[in-house]
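Printed here is my_file-v8.txt (compact mmCIF, C-alpha atoms and all ligand atoms):
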# COMPACT_ATOMS: atom_id res chain seq x y z
CA MET A 1 13.13 -36.47 -70.39
CA SER A 2 14.07 -34.72 -67.16
CA THR A 3 11.29 -33.81 -64.73
CA SER A 4 11.13 -31.78 -61.56
CA HIS A 5 10.00 -34.60 -59.24
CA TYR A 6 11.81 -37.88 -58.58
CA ASP A 7 11.36 -40.98 -56.44
CA LEU A 8 15.01 -40.56 -55.43
CA ALA A 9 17.48 -37.70 -55.79
CA VAL A 10 21.14 -38.57 -55.18
CA ILE A 11 23.71 -35.86 -54.55
CA GLY A 12 27.28 -36.84 -55.49
CA GLY A 13 28.37 -38.68 -58.63
CA GLY A 14 31.22 -40.60 -56.98
CA ILE A 15 30.98 -44.34 -56.47
CA ILE A 16 28.79 -44.09 -53.35
CA GLY A 17 26.15 -41.86 -54.94
CA THR A 18 26.38 -43.85 -58.16
CA ALA A 19 25.84 -47.17 -56.37
CA HIS A 20 22.71 -45.82 -54.65
CA ALA A 21 21.37 -44.48 -57.96
CA TYR A 22 22.03 -47.89 -59.53
CA HIS A 23 20.17 -49.97 -56.95
CA ALA A 24 17.20 -47.59 -56.85
CA ALA A 25 16.92 -47.36 -60.65
CA LYS A 26 17.20 -51.15 -60.90
CA ALA A 27 14.16 -51.31 -58.60
CA ASN A 28 12.23 -49.17 -61.10
CA GLN A 29 12.55 -45.90 -59.20
CA LYS A 30 12.81 -42.65 -61.13
CA VAL A 31 16.22 -41.33 -60.11
CA ALA A 32 18.19 -38.09 -60.52
CA LEU A 33 21.96 -37.97 -59.87
CA PHE A 34 23.51 -34.55 -59.17
CA GLU A 35 27.26 -33.94 -59.55
CA ARG A 36 28.87 -30.54 -59.12
CA ASN A 37 31.69 -31.15 -61.64
CA ASP A 38 31.21 -32.09 -65.27
CA ARG A 39 32.30 -35.62 -64.31
CA PRO A 40 33.37 -37.21 -61.01
CA VAL A 41 36.96 -36.21 -60.22
CA GLY A 42 37.13 -37.04 -56.50
CA ALA A 43 38.36 -40.12 -54.62
CA THR A 44 36.41 -42.32 -57.01
CA ILE A 45 38.76 -41.74 -59.95
CA ARG A 46 41.93 -41.28 -57.87
CA ASN A 47 42.08 -44.72 -56.31
CA PHE A 48 43.75 -48.04 -57.16
CA GLY A 49 40.51 -49.49 -58.51
CA MET A 50 40.89 -52.42 -56.19
CA VAL A 51 37.73 -54.21 -55.10
CA TRP A 52 39.41 -55.66 -52.02
CA PRO A 53 37.40 -58.11 -49.89
CA ILE A 54 40.61 -59.54 -48.41
CA GLY A 55 41.25 -56.32 -46.46
CA GLN A 56 37.82 -56.12 -44.84
CA ALA A 57 37.12 -57.20 -41.27
CA PRO A 58 35.18 -60.48 -40.96
CA ASN A 59 31.94 -58.60 -40.20
CA ARG A 60 32.21 -56.72 -43.52
CA LEU A 61 33.29 -59.63 -45.72
CA GLU A 62 29.77 -60.61 -46.81
CA ARG A 63 29.05 -56.99 -47.86
CA ALA A 64 32.32 -56.82 -49.77
CA LEU A 65 31.70 -60.11 -51.59
CA ARG A 66 28.15 -59.06 -52.48
CA SER A 67 29.51 -55.76 -53.72
CA ARG A 68 32.08 -57.64 -55.82
CA ARG A 69 29.31 -59.61 -57.50
CA HIS A 70 27.56 -56.34 -58.43
CA TRP A 71 30.84 -54.96 -59.81
CA LEU A 72 31.32 -58.00 -62.04
CA ASP A 73 27.71 -57.95 -63.16
CA LEU A 74 27.86 -54.23 -63.96
CA ALA A 75 31.18 -54.60 -65.76
CA GLU A 76 29.52 -57.00 -68.13
CA LYS A 77 26.43 -54.82 -68.59
CA SER A 78 28.22 -51.48 -68.90
CA LYS A 79 31.26 -52.87 -70.71
CA PHE A 80 34.19 -51.89 -68.55
CA TRP A 81 37.39 -53.77 -67.80
CA ALA A 82 37.21 -55.76 -64.52
CA PRO A 83 39.59 -58.74 -64.30
CA ALA A 84 39.18 -60.94 -61.21
CA ALA A 85 42.94 -60.89 -60.75
CA GLY A 86 43.10 -61.89 -57.06
CA SER A 87 45.87 -60.64 -54.78
CA LEU A 88 49.19 -61.68 -53.29
CA HIS A 89 50.45 -60.56 -49.89
CA LEU A 90 54.19 -61.24 -50.07
CA ALA A 91 56.36 -62.16 -47.07
CA TYR A 92 60.09 -61.42 -46.88
CA GLN A 93 60.35 -61.50 -43.08
CA GLN A 94 59.52 -64.31 -40.68
CA ASP A 95 56.99 -62.18 -38.76
CA GLU A 96 55.15 -61.42 -42.03
CA MET A 97 54.94 -65.13 -42.81
CA GLU A 98 53.66 -65.78 -39.26
CA VAL A 99 50.84 -63.23 -39.62
CA LEU A 100 49.85 -64.61 -43.02
CA THR A 101 49.88 -68.20 -41.80
CA GLU A 102 47.89 -67.34 -38.67
CA PHE A 103 45.39 -65.33 -40.72
CA THR A 104 44.98 -68.18 -43.20
CA ASP A 105 44.31 -70.64 -40.35
CA LEU A 106 41.68 -68.35 -38.82
CA ALA A 107 40.13 -66.92 -41.93
CA GLY A 108 39.24 -69.96 -43.96
CA ALA A 109 36.34 -70.52 -41.54
CA GLN A 110 35.36 -66.84 -41.79
CA GLY A 111 34.77 -67.04 -45.54
CA TYR A 112 38.00 -65.59 -46.98
CA GLN A 113 39.19 -67.57 -50.00
CA ILE A 114 42.89 -67.79 -49.34
CA GLU A 115 45.90 -70.10 -49.38
CA ILE A 116 49.55 -69.94 -48.40
CA LEU A 117 51.96 -70.37 -51.30
CA SER A 118 55.60 -71.38 -51.53
CA PRO A 119 57.91 -68.89 -53.30
CA GLU A 120 57.89 -71.09 -56.41
CA LYS A 121 54.08 -71.19 -56.58
CA THR A 122 53.80 -67.45 -55.86
CA THR A 123 55.41 -66.44 -59.13
CA ALA A 124 52.79 -68.36 -61.09
CA TYR A 125 50.27 -65.66 -60.07
CA SER A 126 52.39 -62.66 -61.08
CA PRO A 127 55.60 -62.06 -63.02
CA GLY A 128 55.92 -58.85 -60.96
CA VAL A 129 57.05 -60.56 -57.74
CA LYS A 130 60.66 -60.17 -56.64
CA THR A 131 61.83 -63.63 -55.60
CA GLU A 132 65.06 -62.67 -53.82
CA GLY A 133 64.46 -63.28 -50.10
CA LEU A 134 60.83 -64.27 -50.66
CA LEU A 135 59.62 -66.63 -47.92
CA GLY A 136 56.14 -67.22 -49.31
CA ALA A 137 52.85 -65.45 -49.88
CA MET A 138 49.15 -65.53 -49.20
CA TYR A 139 47.01 -65.69 -52.34
CA SER A 140 43.43 -64.48 -52.18
CA ASP A 141 41.02 -65.27 -54.98
CA THR A 142 38.46 -62.52 -54.47
CA GLU A 143 40.10 -59.25 -55.54
CA VAL A 144 38.87 -57.53 -58.69
CA ASN A 145 40.53 -54.66 -60.56
CA VAL A 146 38.69 -51.88 -62.25
CA ASP A 147 40.12 -48.80 -63.92
CA PRO A 148 38.16 -46.25 -61.90
CA ARG A 149 38.33 -43.56 -64.59
CA GLN A 150 36.78 -45.92 -67.13
CA ALA A 151 34.39 -47.66 -64.75
CA ILE A 152 32.61 -44.56 -63.42
CA THR A 153 32.21 -43.14 -66.94
CA GLN A 154 30.72 -46.38 -68.24
CA ILE A 155 28.44 -46.86 -65.22
CA HIS A 156 27.04 -43.35 -65.59
CA ALA A 157 26.37 -43.99 -69.28
CA TYR A 158 24.61 -47.26 -68.38
CA LEU A 159 22.52 -45.53 -65.70
CA ALA A 160 21.40 -42.86 -68.15
CA GLU A 161 20.92 -45.00 -71.24
CA GLN A 162 19.60 -48.28 -69.80
CA LEU A 163 18.05 -47.38 -66.44
CA GLY A 164 16.64 -43.93 -67.25
CA VAL A 165 18.59 -42.05 -64.57
CA ASP A 166 18.74 -38.28 -65.17
CA LEU A 167 22.35 -37.10 -64.76
CA TYR A 168 22.80 -33.47 -63.75
CA TYR A 169 26.50 -32.58 -64.11
CA ARG A 170 27.74 -29.12 -63.09
CA HIS A 171 24.89 -28.94 -60.61
CA THR A 172 25.96 -28.13 -57.05
CA ILE A 173 23.13 -28.77 -54.62
CA LYS A 174 23.43 -25.92 -52.17
CA GLU A 175 20.44 -26.53 -49.96
CA ILE A 176 17.96 -29.20 -48.99
CA ASN A 177 14.62 -28.53 -47.37
CA TYR A 178 12.91 -31.88 -47.75
CA PRO A 179 11.28 -32.64 -50.16
CA LYS A 180 13.02 -29.79 -52.00
CA LEU A 181 16.64 -29.64 -53.14
CA GLN A 182 18.14 -26.73 -54.97
CA THR A 183 21.09 -25.32 -56.85
CA ALA A 184 21.66 -21.56 -57.05
CA LYS A 185 19.27 -21.45 -60.02
CA LYS A 186 16.76 -24.29 -59.90
CA SER A 187 14.95 -26.65 -57.57
CA TRP A 188 13.52 -30.18 -57.66
CA THR A 189 11.54 -32.35 -55.27
CA ALA A 190 12.02 -36.01 -54.42
CA ASP A 191 10.33 -38.60 -52.22
CA ARG A 192 13.76 -39.51 -50.84
CA ILE A 193 17.11 -37.74 -50.99
CA ILE A 194 20.53 -39.34 -50.53
CA VAL A 195 23.56 -37.13 -49.91
CA ALA A 196 26.81 -38.84 -50.93
CA GLY A 197 29.17 -35.89 -51.12
CA GLY A 198 32.36 -37.78 -50.24
CA ASP A 199 34.79 -35.56 -48.34
CA ASP A 200 32.73 -32.38 -48.84
CA LEU A 201 31.84 -31.67 -45.24
CA SER A 202 30.94 -28.02 -45.65
CA THR A 203 28.15 -27.62 -48.25
CA LEU A 204 25.20 -29.67 -46.93
CA TYR A 205 24.47 -30.21 -43.22
CA PRO A 206 27.94 -28.94 -42.17
CA GLU A 207 27.05 -28.61 -38.47
CA LEU A 208 25.85 -32.20 -38.30
CA LEU A 209 28.90 -33.54 -40.14
CA ALA A 210 31.18 -31.54 -37.84
CA GLN A 211 29.82 -33.51 -34.87
CA ALA A 212 30.55 -36.90 -36.49
CA PRO A 213 33.85 -38.74 -35.86
CA LEU A 214 34.89 -38.05 -39.47
CA GLN A 215 38.33 -37.00 -40.62
CA ARG A 216 39.72 -36.12 -44.03
CA CYS A 217 42.67 -38.20 -45.19
CA LYS A 218 45.09 -37.33 -48.00
CA LEU A 219 46.78 -40.13 -49.96
CA GLN A 220 49.70 -39.73 -52.39
CA MET A 221 49.65 -41.93 -55.49
CA MET A 222 51.56 -42.48 -58.74
CA ARG A 223 51.27 -44.33 -62.03
CA THR A 224 53.69 -45.68 -64.64
CA ALA A 225 53.16 -45.43 -68.38
CA PRO A 226 51.50 -48.48 -69.99
CA GLN A 227 53.83 -51.45 -69.67
CA PRO A 228 55.53 -52.48 -72.93
CA ASN A 229 54.45 -55.51 -74.97
CA ASN A 230 51.15 -55.81 -73.11
CA TRP A 231 52.99 -57.03 -69.97
CA GLN A 232 50.43 -58.18 -67.38
CA LEU A 233 50.93 -57.87 -63.62
CA GLY A 234 48.40 -60.62 -62.86
CA ALA A 235 47.46 -60.61 -59.18
CA ASN A 236 47.51 -57.28 -57.30
CA LEU A 237 50.57 -57.08 -55.06
CA ALA A 238 50.98 -56.04 -51.42
CA ALA A 239 53.63 -56.83 -48.80
CA GLY A 240 54.48 -56.53 -45.09
CA LEU A 241 53.41 -52.91 -44.49
CA THR A 242 49.91 -53.72 -45.71
CA LEU A 243 49.42 -56.23 -42.89
CA GLN A 244 49.32 -53.40 -40.36
CA HIS A 245 46.91 -51.39 -42.50
CA TYR A 246 43.82 -53.51 -43.14
CA ALA A 247 41.22 -54.47 -40.54
CA ALA A 248 41.19 -58.13 -41.67
CA PHE A 249 44.60 -58.76 -40.07
CA ALA A 250 43.84 -57.02 -36.76
CA GLN A 251 42.68 -60.35 -35.29
CA CYS A 252 46.17 -61.91 -35.62
CA LYS A 253 48.13 -62.45 -32.39
CA HIS A 254 51.39 -62.25 -34.36
CA LEU A 255 50.59 -58.73 -35.62
CA PRO A 256 51.98 -56.73 -32.63
CA ALA A 257 55.47 -58.21 -33.15
CA LEU A 258 55.40 -57.26 -36.82
CA LYS A 259 54.20 -53.77 -35.92
CA ALA A 260 56.95 -53.36 -33.33
CA ARG A 261 59.63 -54.30 -35.87
CA ILE A 262 58.25 -51.90 -38.49
CA ALA A 263 58.02 -49.08 -35.92
CA ASN A 264 61.67 -49.70 -35.10
CA GLU A 265 63.04 -50.26 -38.62
CA LEU A 266 60.84 -48.04 -40.77
CA PRO A 267 59.58 -45.11 -38.63
CA ALA A 268 59.15 -42.76 -41.62
CA TYR A 269 56.64 -45.20 -43.13
CA ASN A 270 54.53 -45.04 -39.98
CA GLN A 271 54.91 -41.26 -39.74
CA TYR A 272 53.19 -40.87 -43.12
CA GLY A 273 50.93 -43.92 -42.81
CA ILE A 274 52.54 -45.53 -45.85
CA HIS A 275 51.84 -49.02 -47.07
CA VAL A 276 52.57 -50.06 -50.62
CA MET A 277 50.38 -51.83 -53.17
CA VAL A 278 50.41 -52.19 -56.96
CA SER A 279 47.52 -52.73 -59.36
CA GLN A 280 47.22 -52.46 -63.13
CA THR A 281 44.84 -50.34 -65.20
CA ALA A 282 42.90 -51.10 -68.36
CA LEU A 283 45.63 -49.34 -70.35
CA GLY A 284 48.41 -51.45 -68.78
CA GLU A 285 49.74 -48.72 -66.47
CA LEU A 286 50.74 -49.69 -62.93
CA THR A 287 49.06 -47.75 -60.11
CA ILE A 288 51.25 -47.47 -57.00
CA GLY A 289 50.58 -45.97 -53.57
CA ASP A 290 49.94 -44.84 -50.90
CA SER A 291 50.30 -42.66 -47.79
CA HIS A 292 47.75 -41.48 -45.19
CA GLU A 293 47.88 -37.97 -43.71
CA TYR A 294 44.91 -36.79 -41.63
CA ASP A 295 43.88 -33.13 -41.62
CA TYR A 296 40.60 -31.21 -41.97
CA THR A 297 42.30 -29.13 -44.67
CA PRO A 298 44.74 -31.47 -46.45
CA ASN A 299 48.04 -29.94 -47.54
CA PRO A 300 47.61 -29.09 -51.25
CA PHE A 301 51.33 -29.73 -51.85
CA ASP A 302 52.69 -33.26 -52.19
CA LYS A 303 55.87 -34.43 -50.46
CA GLN A 304 58.58 -35.90 -52.68
CA GLU A 305 59.90 -37.67 -49.56
CA ILE A 306 56.66 -39.68 -49.41
CA ASN A 307 56.80 -40.59 -53.10
CA GLN A 308 60.40 -41.76 -52.66
CA LEU A 309 59.56 -43.86 -49.58
CA ILE A 310 56.75 -45.54 -51.55
CA LEU A 311 59.06 -46.29 -54.47
CA ASP A 312 61.88 -47.56 -52.21
CA TYR A 313 59.51 -50.04 -50.58
CA LEU A 314 57.99 -51.02 -53.92
CA HIS A 315 61.43 -52.05 -55.18
CA ARG A 316 61.72 -54.49 -52.26
CA PHE A 317 58.94 -56.69 -53.60
CA ALA A 318 57.87 -55.72 -57.12
CA LYS A 319 59.44 -55.59 -60.55
CA ALA A 320 58.08 -54.66 -63.96
CA PRO A 321 59.51 -53.85 -67.38
CA ASP A 322 59.05 -50.08 -66.84
CA LEU A 323 58.74 -48.58 -63.36
CA HIS A 324 59.33 -44.97 -64.42
CA ILE A 325 56.58 -42.80 -63.02
CA ALA A 326 54.47 -40.92 -65.55
CA GLU A 327 51.93 -39.29 -63.21
CA TYR A 328 51.69 -38.27 -59.55
CA TRP A 329 48.55 -37.12 -57.76
CA HIS A 330 46.80 -37.23 -54.43
CA GLY A 331 43.28 -38.12 -53.39
CA VAL A 332 41.26 -37.27 -50.31
CA TYR A 333 38.55 -39.29 -48.62
CA ALA A 334 36.48 -38.96 -45.46
CA LYS A 335 37.09 -41.71 -42.90
CA MET A 336 35.40 -42.69 -39.68
CA MET A 337 37.85 -42.39 -36.80
CA ASN A 338 35.90 -44.62 -34.40
CA GLY A 339 36.35 -47.89 -36.33
CA ALA A 340 32.97 -47.72 -38.10
CA THR A 341 33.05 -48.54 -41.82
CA GLU A 342 30.64 -45.78 -42.88
CA LEU A 343 28.55 -42.88 -41.62
CA ILE A 344 24.80 -42.97 -42.15
CA LEU A 345 22.77 -40.04 -40.84
CA HIS A 346 19.15 -38.95 -41.20
CA PRO A 347 19.33 -35.16 -40.85
CA GLU A 348 15.61 -34.80 -41.58
CA PRO A 349 12.85 -37.27 -42.52
CA GLY A 350 13.30 -38.36 -46.15
CA VAL A 351 17.02 -37.46 -46.27
CA THR A 352 19.95 -39.85 -45.74
CA ILE A 353 23.65 -38.95 -45.67
CA VAL A 354 26.06 -41.75 -46.65
CA THR A 355 29.80 -41.09 -46.44
CA GLY A 356 32.96 -41.94 -44.48
CA LEU A 357 33.88 -45.17 -46.25
CA GLY A 358 37.58 -44.31 -46.07
CA GLY A 359 39.81 -46.60 -48.09
CA ALA A 360 37.11 -49.19 -48.78
CA GLY A 361 34.58 -47.17 -50.76
CA MET A 362 35.13 -48.98 -54.03
CA THR A 363 35.02 -52.34 -52.27
CA LEU A 364 31.89 -51.80 -50.18
CA SER A 365 29.92 -49.34 -52.36
CA PHE A 366 27.44 -51.58 -54.14
CA GLY A 367 26.91 -53.83 -51.11
CA LEU A 368 26.23 -50.94 -48.73
CA ALA A 369 24.03 -49.07 -51.23
CA GLU A 370 21.93 -52.19 -51.75
CA GLU A 371 21.29 -52.36 -47.99
CA VAL A 372 20.48 -48.63 -47.72
CA ILE A 373 18.02 -48.70 -50.64
CA LEU A 374 16.32 -51.84 -49.28
CA GLU A 375 16.00 -50.30 -45.82
CA GLU A 376 14.53 -47.07 -47.25
CA LYS A 377 12.06 -49.09 -49.26
CA ARG A 378 11.06 -50.93 -46.09
CA LEU A 379 10.63 -47.69 -44.13
CA THR A 380 8.63 -45.88 -46.79
CA GLY A 381 6.76 -48.91 -48.08
CA ALA A 382 7.69 -47.70 -51.60
C1 LIG B 401 44.22 -42.57 -53.33
C2 LIG B 401 43.05 -43.42 -52.97
C3 LIG B 401 43.12 -44.80 -53.15
C4 LIG B 401 42.01 -45.60 -52.83
N1 LIG B 401 42.03 -46.93 -53.16
C5 LIG B 401 40.89 -47.66 -52.99
C6 LIG B 401 40.82 -48.99 -53.46
O1 LIG B 401 41.71 -49.48 -54.15
N2 LIG B 401 39.74 -49.74 -53.13
C7 LIG B 401 38.70 -49.21 -52.41
O2 LIG B 401 37.76 -49.93 -52.09
N3 LIG B 401 38.69 -47.91 -52.06
C8 LIG B 401 39.76 -47.13 -52.33
N4 LIG B 401 39.77 -45.82 -51.98
C9 LIG B 401 38.58 -45.26 -51.33
C10 LIG B 401 37.51 -44.89 -52.34
O3 LIG B 401 38.07 -44.28 -53.47
C11 LIG B 401 36.52 -43.93 -51.64
O4 LIG B 401 36.03 -44.51 -50.45
C12 LIG B 401 35.32 -43.64 -52.53
O5 LIG B 401 35.74 -43.26 -53.83
C13 LIG B 401 34.45 -42.57 -51.92
O6 LIG B 401 33.40 -42.35 -52.82
P1 LIG B 401 32.38 -41.17 -52.60
O7 LIG B 401 31.38 -41.28 -53.67
O8 LIG B 401 31.94 -41.14 -51.17
O9 LIG B 401 33.28 -39.85 -52.74
P2 LIG B 401 33.80 -39.07 -54.03
O10 LIG B 401 34.40 -39.97 -55.02
O11 LIG B 401 34.66 -37.97 -53.52
O12 LIG B 401 32.49 -38.49 -54.68
C14 LIG B 401 31.72 -37.48 -54.06
C15 LIG B 401 31.14 -36.65 -55.17
O13 LIG B 401 30.15 -35.77 -54.67
C16 LIG B 401 30.23 -34.55 -55.38
N5 LIG B 401 29.58 -33.54 -54.54
C17 LIG B 401 29.90 -33.23 -53.26
N6 LIG B 401 29.04 -32.31 -52.78
C18 LIG B 401 28.16 -32.03 -53.78
C19 LIG B 401 27.05 -31.15 -53.88
N7 LIG B 401 26.66 -30.38 -52.86
N8 LIG B 401 26.37 -31.09 -55.06
C20 LIG B 401 26.75 -31.88 -56.12
N9 LIG B 401 27.82 -32.73 -56.06
C21 LIG B 401 28.51 -32.80 -54.91
C22 LIG B 401 31.72 -34.35 -55.59
O14 LIG B 401 31.99 -33.47 -56.66
C23 LIG B 401 32.20 -35.78 -55.86
O15 LIG B 401 32.23 -36.09 -57.23
C24 LIG B 401 40.85 -45.00 -52.27
C25 LIG B 401 40.81 -43.63 -52.10
C26 LIG B 401 41.88 -42.84 -52.45
C27 LIG B 401 41.78 -41.34 -52.27
Just give me the structure as structure tokens.
Amino acid sequence: MSTSHYDLAVIGGGIIGTAHAYHAAKANQKVALFERNDRPVGATIRNFGMVWPIGQAPNRLERALRSRRHWLDLAEKSKFWAPAAGSLHLAYQQDEMEVLTEFTDLAGAQGYQIEILSPEKTTAYSPGVKTEGLLGAMYSDTEVNVDPRQAITQIHAYLAEQLGVDLYYRHTIKEINYPKLQTAKKSWTADRIIVAGGDDLSTLYPELLAQAPLQRCKLQMMRTAPQPNNWQLGANLAAGLTLQHYAAFAQCKHLPALKARIANELPAYNQYGIHVMVSQTALGELTIGDSHEYDYTPNPFDKQEINQLILDYLHRFAKAPDLHIAEYWHGVYAKMMNGATELILHPEPGVTIVTGLGGAGMTLSFGLAEEVILEEKRLTGA
């Protein structure tokens, strides 16, 4: 039964708010989760569903791997699809192979679970790899796929039914005056309040968020219809462009040469921040993306030029029985522009803002939320 006082109130039903609600409820706290829509429809359902430790910088790997364990545990408990499919970074150019080999030499000692594969061995991990011109690949064992639409629905049901979390959909929290939080019509109190509003920078504490090095980023995405005959992609696929995107590879001395070649050969890809990855959904569709365009007010209209660039690059390294696109969309997230992996603020005692996870929110969510809830418990002695 819903009440008007909670141990913890969480604002935002995306993966970050949900992960905080999960860890607190698991620790026997009475939790309320407020979401302004009648289900989450933000970045959390618009992404690839890739839990992606391989992309994280060495100092975030432990958090990502811990988060991965929570994802797998929750998938079992809340009954959603979460294959530990791993990932392949494919190399068709010598400089790509050099970065992958250098990274593999460095990263084994840092805890990444990776190996370099010959072209012949690569295809054993995915029938979706184009072998023409393939020099080799790096396989990583740690990547997990979820279908974000299914996962968030199932997790919310689990929170409500098994952990006693009160879900308040269609409730926009307009104001917080600790310990009170309120919609236009009703108010509640809570011992602690977590604000996880994603890229909403204007409803709660807008002045404070305006001072943070946060930027909105728009990403264009697309999806095929379910593949025929239950065709399975296997490992998630990425290629050369991805090596200049993720923080994990920034430590490689061979990276600047690769970046210089891409800047010279593929300037339009850099102009729109495009790198190309493919994952599969629970229904067998292939999710393909993405681009990165930074603006406080993202352009509501999508560029066909970007979609075409993504597809052109995809055809360099991936194949599948049916690559016709059934759906296009874009997502927006808030990202830290100073290299930090998240923004945590305490606008008033008892209130914590958690946002700014950029393109790693699915990957880091449960690990970060576990740390935040533990720290709050330590501070309050609750
Ligand atoms: C296209 C795309 C691809 C991505 N791919 C990946 C990936 O493969 N792997 C990965 O790790 N990450 C990926 N990401 C990043 C990841 O999706 C985000 O980091 C993450 O979803 C952010 O979660 P969030 O809960 O902060 O935000 P959101 O999902 O946006 O959720 C915030 C929620 O808060 C609600 N809200 C806001 N203000 C209020 C209020 N005042 N009252 C009530 N409710 C409110 C909103 O309605 C929303 O539902 C991708 C992102 C995009 C856009």
Please find the residues contacting ligand LIG 401 (chain B) at a distance of at most 6 Å between atoms, with only C-alpha atoms and all ligand atoms counted, and report them as a VMD selection string. chain A and resid 11 to 17 34 to 37 40 to 44 46 to 52 171 to 174 196 to 200 203 219 221 331 to 333 355 357 to 363
Asn236 (chain A) surroundings by all atoms listed in the file, 7 Å radius, close-in-sequence under 4 positions cut, as a PyMOL selection string: chain A and resi 85-88+278-279
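Using only C-alpha atoms, the smallest distance between any of A:Leu343, A:Ala157, A:Ala250, A:Leu311 and Leu100 (chain A) comes from A:Ala250.
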Interatomic distance between CA of His23 (chain A) and CA of Pro349 (chain A)?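 Taking CA of His23 (chain A) as the start and CA of Pro349 (chain A) as the end point, the length is 20.6 Å.
Each of A:Tyr294, A:Lys180, A:Met138, A:Glu375 was checked against Lys121 (chain A) using only C-alpha atoms; the smallest atom-to-atom distance is that of A:Met138.
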With only C-alpha atoms as the basis for distance, which of A:Gly381, A:Gly128, A:Pro179, A:Pro267 is at the shortest distance from His5 (chain A)?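 Nearest candidate to His5 (chain A) out of A:Gly381, A:Gly128, A:Pro179, A:Pro267: A:Pro179.
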Give me, please, the distance in Å between CA of Ile310 (chain A) and CA of Asp290 (chain A), quoted to one decimal. 6.9 Å
Identify, on the basis of all atoms listed in the file, every residue whose closest approach to Lys303 (chain A) does not exceed 9 Å; exclude the query and any residue fewer than 4 positions from it along the same chain; express the result as a PyMOL selection string. chain A and resi 220+307-308
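Comparing the minimum interatomic distances between Ala235 (chain A) and each of A:Ala320, A:Ala84, A:Leu74, A:Met336, counting only C-alpha atoms, we find that A:Ala84 sits nearest.
Compared by their closest atoms to Val99 (chain A), and using only C-alpha atoms, the residues A:Ala82, A:Ala340, A:Leu65, A:Ala137 rank with A:Ala137 nearest.
The space between CA of Cys217 (chain A) and CA of Asp295 (chain A) spans 6.3 Å.
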Using only C-alpha atoms, list the residues that have an atom at most 12 Å from (49.5, -55.1, -73.7), coordinates as in the file, as a PDB file with C-alpha atoms, in the frame of the given file.
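What ended up in point.pdb:
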ATOM      1  CA  ALA A 225      53.160 -45.430 -68.380  1.00  0.00           C
ATOM      2  CA  PRO A 226      51.500 -48.480 -69.990  1.00  0.00           C
ATOM      3  CA  GLN A 227      53.830 -51.450 -69.670  1.00  0.00           C
ATOM      4  CA  PRO A 228      55.530 -52.480 -72.930  1.00  0.00           C
ATOM      5  CA  ASN A 229      54.450 -55.510 -74.970  1.00  0.00           C
ATOM      6  CA  ASN A 230      51.150 -55.810 -73.110  1.00  0.00           C
ATOM      7  CA  TRP A 231      52.990 -57.030 -69.970  1.00  0.00           C
ATOM      8  CA  GLN A 232      50.430 -58.180 -67.380  1.00  0.00           C
ATOM      9  CA  LEU A 233      50.930 -57.870 -63.620  1.00  0.00           C
ATOM     10  CA  GLN A 280      47.220 -52.460 -63.130  1.00  0.00           C
ATOM     11  CA  THR A 281      44.840 -50.340 -65.200  1.00  0.00           C
ATOM     12  CA  ALA A 282      42.900 -51.100 -68.360  1.00  0.00           C
ATOM     13  CA  LEU A 283      45.630 -49.340 -70.350  1.00  0.00           C
ATOM     14  CA  GLY A 284      48.410 -51.450 -68.780  1.00  0.00           C
ATOM     15  CA  GLU A 285      49.740 -48.720 -66.470  1.00  0.00           C
ATOM     16  CA  PRO A 321      59.510 -53.850 -67.380  1.00  0.00           C
TER      17      PRO A 321
END
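With only C-alpha atoms as the atoms that count, the minimum distance from Ala238 (chain A) to the choices A:Leu314, A:Ala190, A:Leu163, A:Ala25 is reached by A:Leu314.
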Residues at most 9 Å from Tyr269 (chain A), counting all atoms listed in the file, excluding those fewer than 6 positions away in the same chain, as a list of chain:residue names?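 My reading of the contact set: A:Leu241, A:Ile262, A:Ala263, A:His275, A:Ser291, A:Ile306, A:Leu309, A:Ile310.
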